[in-house]
Amino acid sequence: NMLKELITNYDVIEDLKGKLESSVCLRERKNILLKAIKLYEEKEFEIFNNILPIQIEGMFADFLMDTTIFSRFKNMNIYANAVLKEKIKHLQEVESNIYPEVVEYFMYYFNNIIRNRIAHGRYYGNTEDKQDEIFSRELILDMSLLVHMLSRNSETEKMYRFIEGCHVHYKRLGDSLHESPYFSILFSYMIGETLICDYDMVENYKPIQVAYWLINPYYEKIYEQVGDKKNLLELREIFLSKDFWNYVLNKLNDIITKNSCYENINIEFKSVVKGLFKCGISEDVKTILKKVYSLLTKIFEKQKVPK
């Protein structure tokens, strides 16, 4: 009764469905998870209990794959055969922001008492139907916690929020500025200056990470499955434009002239500029990028000067 009241009062099922429908990290798994929830709603608890624990392990696999995208550009088979406990350990190692309570609960209790029992075919249901219902309600809450954590911390979710956020928030500034409203925000992300503050996180995105979100085909394929590809292409066009890099050049010249704020520029920005030469940009943009690269070299030399 306590579990039922909790799930009802917090509208857990509808919240869970909504998060799954919009999930980026779980985009390929959401249909089977939604079908599992339907079994729960139809009180097919024995079947639901046999399906969901294995899908929960799959959710950890999705989270690990999402978190290690950069690593897998060099080794696509990384962590491919890890079991549940190993997946959780790897998620701790790669700084995925996995919740401590998730580690403690799923690595030990869930893995040993629930996952292993289901995976090895040792769950047949209970002679008392009420026990199956209790188990189902506990599993629903387990899944709800994981879906929420992935919606907040997976890299592809952050990519989606970044691209959509640019269109929702910064496009409104267009009429009040003489230049593209995106120039200042993209520059801020490239130098590592933007601080992302939300109710559950305070962090910076790495410049090279943002650049990959904008131009790498792997991320593009993910984004077009869940969002309007036009939004991504518009941002990419701006990011690779002559006008934007002229803006960057002027900003860096201003920093050098005033001899201020150079210590705040992330050294990854130089790697981003170097990598862009391989991205099919125009000769005009290449000319500007060479000047930008030269200014960044001077700025990073200043950073090495002891105060």
# chains A, B, ... in the order shown; residues from 1 in each chain; ligands from 1
$ select_by_dssp --residues "region 101-219 of chain A" --states "alpha helix (DSSP H)" --output "JSON, numbers by chain"
{"A": [101, 102, 103, 104, 116, 117, 118, 119, 129, 130, 131, 132, 133, 134, 135, 136, 137, 138, 139, 140, 141, 142, 143, 144, 145, 146, 147, 148, 149, 150, 151, 152, 153, 155, 156, 157, 158, 159, 160, 161, 162, 163, 164, 165, 181, 182, 183, 184, 185, 186, 187, 188, 189, 190, 207, 208, 209, 210, 211, 212, 213, 214, 215, 217, 218, 219]}
$ residues_around --residues "Ile267 (chain A)" --least-positions-apart "6" --cutoff "12 Å" --atoms "only C-alpha atoms" --output "PyMOL selection string"
chain A and resi 190-193+206-208+273-274+293+296-304
$ write_last_selection --atoms "all heavy atoms" --output "compact mmCIF listing (two decimals), in the first residue's frame"
# COMPACT_ATOMS: atom_id res chain seq x y z
N MET A 190 33.57 28.00 -26.67
CA MET A 190 34.86 27.60 -27.22
C MET A 190 36.03 27.95 -26.30
O MET A 190 37.04 27.25 -26.28
CB MET A 190 35.07 28.25 -28.59
CG MET A 190 34.28 27.61 -29.72
SD MET A 190 34.69 25.87 -29.97
CE MET A 190 33.28 25.07 -29.20
N ILE A 191 35.91 29.03 -25.55
CA ILE A 191 37.01 29.37 -24.64
C ILE A 191 36.80 28.74 -23.26
O ILE A 191 37.61 28.94 -22.35
CB ILE A 191 37.18 30.90 -24.51
CG1 ILE A 191 35.96 31.54 -23.85
CG2 ILE A 191 37.48 31.52 -25.87
CD1 ILE A 191 36.13 33.03 -23.58
N GLY A 192 35.70 27.97 -23.11
CA GLY A 192 35.46 27.29 -21.84
C GLY A 192 34.97 28.19 -20.73
O GLY A 192 35.11 27.88 -19.55
N GLU A 193 34.35 29.30 -21.10
CA GLU A 193 33.93 30.30 -20.13
C GLU A 193 32.52 30.06 -19.60
O GLU A 193 32.19 30.41 -18.47
CB GLU A 193 34.00 31.69 -20.77
CG GLU A 193 33.65 32.83 -19.84
CD GLU A 193 33.70 34.17 -20.56
OE1 GLU A 193 32.96 34.36 -21.55
OE2 GLU A 193 34.51 35.02 -20.13
N LYS A 206 33.48 20.91 -22.24
CA LYS A 206 34.78 21.05 -22.88
C LYS A 206 34.60 21.61 -24.29
O LYS A 206 33.68 21.19 -25.02
CB LYS A 206 35.48 19.69 -22.95
CG LYS A 206 35.83 19.10 -21.60
CD LYS A 206 36.51 17.75 -21.78
CE LYS A 206 36.90 17.15 -20.43
NZ LYS A 206 37.58 15.85 -20.59
N PRO A 207 35.45 22.56 -24.71
CA PRO A 207 35.32 23.13 -26.05
C PRO A 207 35.29 22.09 -27.16
O PRO A 207 34.48 22.17 -28.08
CB PRO A 207 36.56 24.03 -26.16
CG PRO A 207 36.85 24.44 -24.75
CD PRO A 207 36.51 23.24 -23.92
N ILE A 208 36.16 21.08 -27.05
CA ILE A 208 36.21 20.07 -28.11
C ILE A 208 34.94 19.22 -28.11
O ILE A 208 34.50 18.74 -29.15
CB ILE A 208 37.47 19.18 -27.97
CG1 ILE A 208 37.75 18.48 -29.29
CG2 ILE A 208 37.36 18.21 -26.82
CD1 ILE A 208 39.13 17.87 -29.39
N VAL A 273 40.45 24.57 -33.24
CA VAL A 273 40.82 25.34 -34.44
C VAL A 273 41.66 24.49 -35.38
O VAL A 273 41.42 24.47 -36.60
CB VAL A 273 41.58 26.62 -34.04
CG1 VAL A 273 42.11 27.34 -35.28
CG2 VAL A 273 40.67 27.55 -33.24
N LYS A 274 42.62 23.76 -34.86
CA LYS A 274 43.48 22.91 -35.68
C LYS A 274 42.66 21.84 -36.39
O LYS A 274 42.87 21.55 -37.57
CB LYS A 274 44.55 22.26 -34.81
CG LYS A 274 45.59 21.46 -35.58
CD LYS A 274 46.66 20.93 -34.64
CE LYS A 274 47.72 20.14 -35.41
NZ LYS A 274 48.77 19.62 -34.48
N TYR A 293 44.62 30.85 -34.90
CA TYR A 293 45.56 29.88 -34.32
C TYR A 293 46.82 30.59 -33.83
O TYR A 293 47.35 30.27 -32.76
CB TYR A 293 45.91 28.82 -35.36
CG TYR A 293 46.66 27.63 -34.81
CD1 TYR A 293 45.98 26.56 -34.25
CD2 TYR A 293 48.05 27.58 -34.85
CE1 TYR A 293 46.66 25.46 -33.74
CE2 TYR A 293 48.75 26.50 -34.34
CZ TYR A 293 48.04 25.44 -33.79
OH TYR A 293 48.75 24.36 -33.29
N LEU A 296 46.01 32.45 -30.63
CA LEU A 296 45.87 31.51 -29.52
C LEU A 296 47.24 31.05 -29.03
O LEU A 296 47.46 30.87 -27.83
CB LEU A 296 45.02 30.31 -29.94
CG LEU A 296 43.52 30.58 -30.08
CD1 LEU A 296 42.81 29.36 -30.67
CD2 LEU A 296 42.90 30.94 -28.73
N THR A 297 48.17 30.85 -29.95
CA THR A 297 49.53 30.48 -29.57
C THR A 297 50.15 31.54 -28.67
O THR A 297 50.77 31.23 -27.65
CB THR A 297 50.40 30.26 -30.83
OG1 THR A 297 49.82 29.24 -31.64
CG2 THR A 297 51.82 29.87 -30.44
N LYS A 298 49.97 32.81 -29.06
CA LYS A 298 50.49 33.91 -28.24
C LYS A 298 49.82 33.95 -26.86
O LYS A 298 50.48 34.16 -25.84
CB LYS A 298 50.27 35.25 -28.95
CG LYS A 298 51.08 35.44 -30.22
CD LYS A 298 50.76 36.79 -30.86
CE LYS A 298 51.54 36.97 -32.16
NZ LYS A 298 51.23 38.28 -32.79
N ILE A 299 48.53 33.72 -26.85
CA ILE A 299 47.79 33.76 -25.59
C ILE A 299 48.24 32.65 -24.66
O ILE A 299 48.43 32.87 -23.45
CB ILE A 299 46.27 33.67 -25.87
CG1 ILE A 299 45.77 34.99 -26.47
CG2 ILE A 299 45.49 33.35 -24.59
CD1 ILE A 299 44.36 34.95 -26.98
N PHE A 300 48.45 31.46 -25.19
CA PHE A 300 48.85 30.34 -24.33
C PHE A 300 50.30 30.48 -23.88
O PHE A 300 50.69 29.95 -22.84
CB PHE A 300 48.61 29.01 -25.05
CG PHE A 300 47.15 28.72 -25.27
CD1 PHE A 300 46.68 28.29 -26.49
CD2 PHE A 300 46.23 28.91 -24.24
CE1 PHE A 300 45.33 28.04 -26.69
CE2 PHE A 300 44.88 28.66 -24.43
CZ PHE A 300 44.43 28.23 -25.65
N GLU A 301 51.09 31.20 -24.64
CA GLU A 301 52.44 31.52 -24.18
C GLU A 301 52.38 32.46 -22.98
O GLU A 301 53.16 32.34 -22.02
CB GLU A 301 53.26 32.15 -25.31
CG GLU A 301 53.69 31.15 -26.38
CD GLU A 301 54.38 31.82 -27.54
OE1 GLU A 301 54.43 33.07 -27.57
OE2 GLU A 301 54.86 31.11 -28.45
N LYS A 302 51.43 33.38 -23.01
CA LYS A 302 51.23 34.29 -21.88
C LYS A 302 50.79 33.53 -20.63
O LYS A 302 51.15 33.88 -19.50
CB LYS A 302 50.19 35.36 -22.23
CG LYS A 302 50.66 36.45 -23.18
CD LYS A 302 49.53 37.41 -23.47
CE LYS A 302 49.99 38.59 -24.29
NZ LYS A 302 50.83 39.52 -23.48
N GLN A 303 49.98 32.50 -20.84
CA GLN A 303 49.49 31.72 -19.70
C GLN A 303 50.62 31.04 -18.94
O GLN A 303 50.52 30.76 -17.75
CB GLN A 303 48.48 30.65 -20.16
CG GLN A 303 47.14 31.22 -20.59
CD GLN A 303 46.16 30.14 -20.95
OE1 GLN A 303 46.48 28.95 -20.93
NE2 GLN A 303 44.93 30.53 -21.29
N LYS A 304 51.72 30.77 -19.63
CA LYS A 304 52.87 30.08 -19.00
C LYS A 304 53.75 31.03 -18.21
O LYS A 304 54.61 30.60 -17.45
CB LYS A 304 53.69 29.38 -20.07
CG LYS A 304 52.95 28.27 -20.81
CD LYS A 304 53.79 27.67 -21.91
CE LYS A 304 53.00 26.63 -22.70
NZ LYS A 304 53.82 26.06 -23.82
$ closest_atom_pairs --of "region 14-88 of chain A" --to "region 109-123 of chain A" --cutoff "10 Å" --atoms "only C-alpha atoms" --output "CSV"
residue,atom,partner,partner_atom,distance
A:Glu46,CA,A:Tyr123,CA,8.8
A:Asn49,CA,A:Ile118,CA,8.2
A:Asn50,CA,A:Ile118,CA,6.1
A:Ile51,CA,A:Ile118,CA,8.4
A:Leu52,CA,A:Ile118,CA,9.3
A:Pro53,CA,A:Arg115,CA,5.7
A:Ile54,CA,A:Arg115,CA,6.8
A:Gln55,CA,A:Arg115,CA,9.9
A:Ile56,CA,A:Arg115,CA,8.8
A:Glu57,CA,A:Arg115,CA,7.9
A:Val83,CA,A:Asn111,CA,9.8
A:Leu84,CA,A:Asn111,CA,7.1
A:Lys85,CA,A:Asn111,CA,7.2
$ residues_around --residues "region 281-290 of chain A" --least-positions-apart "6" --cutoff "9 Å" --atoms "only C-alpha atoms" --output "PyMOL selection string"
chain A and resi 240-243+245-246+249+273-274
$ residues_around --residues "region 21-27 of chain A" --least-positions-apart "3" --cutoff "8 Å" --atoms "only C-alpha atoms" --output "VMD selection string"
chain A and resid 17 to 18 30 59 62 to 63 66 150 to 151 154 156 to 157 160 222 to 223 225 to 226
$ atom_distance --atom1 "CA of Asp254 (chain A)" --atom2 "CA of Cys166 (chain A)"
25.2 Å
$ decode --residues "region 248-260 of chain A" --atoms "all heavy atoms" --output "short mmCIF file (atom, residue, chain, number, x, y, z; two decimals), in the first residue's frame"
data_model
loop_
_atom_site.label_atom_id
_atom_site.label_comp_id
_atom_site.auth_asym_id
_atom_site.auth_seq_id
_atom_site.Cartn_x
_atom_site.Cartn_y
_atom_site.Cartn_z
N VAL A 248 35.59 35.95 -33.71
CA VAL A 248 36.56 35.34 -32.80
C VAL A 248 37.90 36.05 -32.89
O VAL A 248 38.54 36.36 -31.87
CB VAL A 248 36.73 33.84 -33.11
CG1 VAL A 248 37.88 33.24 -32.29
CG2 VAL A 248 35.44 33.08 -32.83
N LEU A 249 38.34 36.33 -34.11
CA LEU A 249 39.62 37.01 -34.33
C LEU A 249 39.64 38.37 -33.64
O LEU A 249 40.62 38.72 -32.97
CB LEU A 249 39.87 37.15 -35.83
CG LEU A 249 41.24 37.69 -36.26
CD1 LEU A 249 42.35 36.73 -35.85
CD2 LEU A 249 41.27 37.94 -37.77
N ASN A 250 38.57 39.12 -33.78
CA ASN A 250 38.49 40.43 -33.15
C ASN A 250 38.50 40.33 -31.63
O ASN A 250 39.13 41.14 -30.93
CB ASN A 250 37.23 41.16 -33.61
CG ASN A 250 37.29 41.56 -35.08
OD1 ASN A 250 38.39 41.77 -35.62
ND2 ASN A 250 36.14 41.65 -35.73
N LYS A 251 37.80 39.33 -31.09
CA LYS A 251 37.76 39.14 -29.64
C LYS A 251 39.15 38.79 -29.10
O LYS A 251 39.57 39.31 -28.05
CB LYS A 251 36.76 38.03 -29.29
CG LYS A 251 35.32 38.36 -29.59
CD LYS A 251 34.73 39.39 -28.64
CE LYS A 251 34.49 38.86 -27.27
NZ LYS A 251 33.77 39.82 -26.40
N LEU A 252 39.86 37.93 -29.81
CA LEU A 252 41.21 37.53 -29.35
C LEU A 252 42.18 38.70 -29.47
O LEU A 252 43.05 38.89 -28.61
CB LEU A 252 41.71 36.33 -30.17
CG LEU A 252 40.91 35.03 -29.98
CD1 LEU A 252 41.50 33.93 -30.86
CD2 LEU A 252 40.90 34.59 -28.52
N ASN A 253 42.06 39.47 -30.53
CA ASN A 253 42.90 40.66 -30.68
C ASN A 253 42.66 41.63 -29.53
O ASN A 253 43.61 42.23 -29.00
CB ASN A 253 42.60 41.36 -32.02
CG ASN A 253 43.51 40.88 -33.13
OD1 ASN A 253 44.72 40.69 -32.92
ND2 ASN A 253 42.95 40.67 -34.30
N ASP A 254 41.42 41.77 -29.16
CA ASP A 254 41.06 42.66 -28.05
C ASP A 254 41.68 42.16 -26.74
O ASP A 254 42.16 42.96 -25.93
CB ASP A 254 39.54 42.73 -27.94
CG ASP A 254 39.09 43.83 -27.00
OD1 ASP A 254 39.55 44.97 -27.15
OD2 ASP A 254 38.26 43.54 -26.11
N ILE A 255 41.66 40.85 -26.53
CA ILE A 255 42.24 40.27 -25.32
C ILE A 255 43.74 40.53 -25.26
O ILE A 255 44.29 40.92 -24.22
CB ILE A 255 41.95 38.75 -25.27
CG1 ILE A 255 40.47 38.51 -24.96
CG2 ILE A 255 42.83 38.05 -24.23
CD1 ILE A 255 40.03 37.07 -25.10
N ILE A 256 44.42 40.37 -26.39
CA ILE A 256 45.87 40.60 -26.43
C ILE A 256 46.20 42.07 -26.25
O ILE A 256 47.13 42.45 -25.53
CB ILE A 256 46.45 40.06 -27.76
CG1 ILE A 256 46.39 38.52 -27.76
CG2 ILE A 256 47.89 40.54 -27.94
CD1 ILE A 256 46.86 37.90 -29.05
N THR A 257 45.41 42.92 -26.91
CA THR A 257 45.64 44.37 -26.80
C THR A 257 45.50 44.86 -25.37
O THR A 257 46.32 45.64 -24.87
CB THR A 257 44.66 45.13 -27.71
OG1 THR A 257 44.85 44.71 -29.07
CG2 THR A 257 44.91 46.63 -27.62
N LYS A 258 44.47 44.39 -24.70
CA LYS A 258 44.22 44.81 -23.32
C LYS A 258 45.03 44.01 -22.30
O LYS A 258 45.05 44.36 -21.11
CB LYS A 258 42.73 44.67 -23.00
CG LYS A 258 41.85 45.62 -23.82
CD LYS A 258 40.37 45.43 -23.46
CE LYS A 258 39.49 46.38 -24.26
NZ LYS A 258 38.05 46.19 -23.97
N ASN A 259 45.65 42.93 -22.78
CA ASN A 259 46.46 42.07 -21.92
C ASN A 259 45.66 41.60 -20.69
O ASN A 259 46.14 41.63 -19.56
CB ASN A 259 47.72 42.80 -21.45
CG ASN A 259 48.76 41.82 -20.89
OD1 ASN A 259 48.85 40.67 -21.33
ND2 ASN A 259 49.54 42.28 -19.92
N SER A 260 44.42 41.18 -20.95
CA SER A 260 43.55 40.76 -19.85
C SER A 260 42.69 39.58 -20.27
O SER A 260 42.40 39.41 -21.46
CB SER A 260 42.65 41.91 -19.41
OG SER A 260 41.78 42.28 -20.46
#
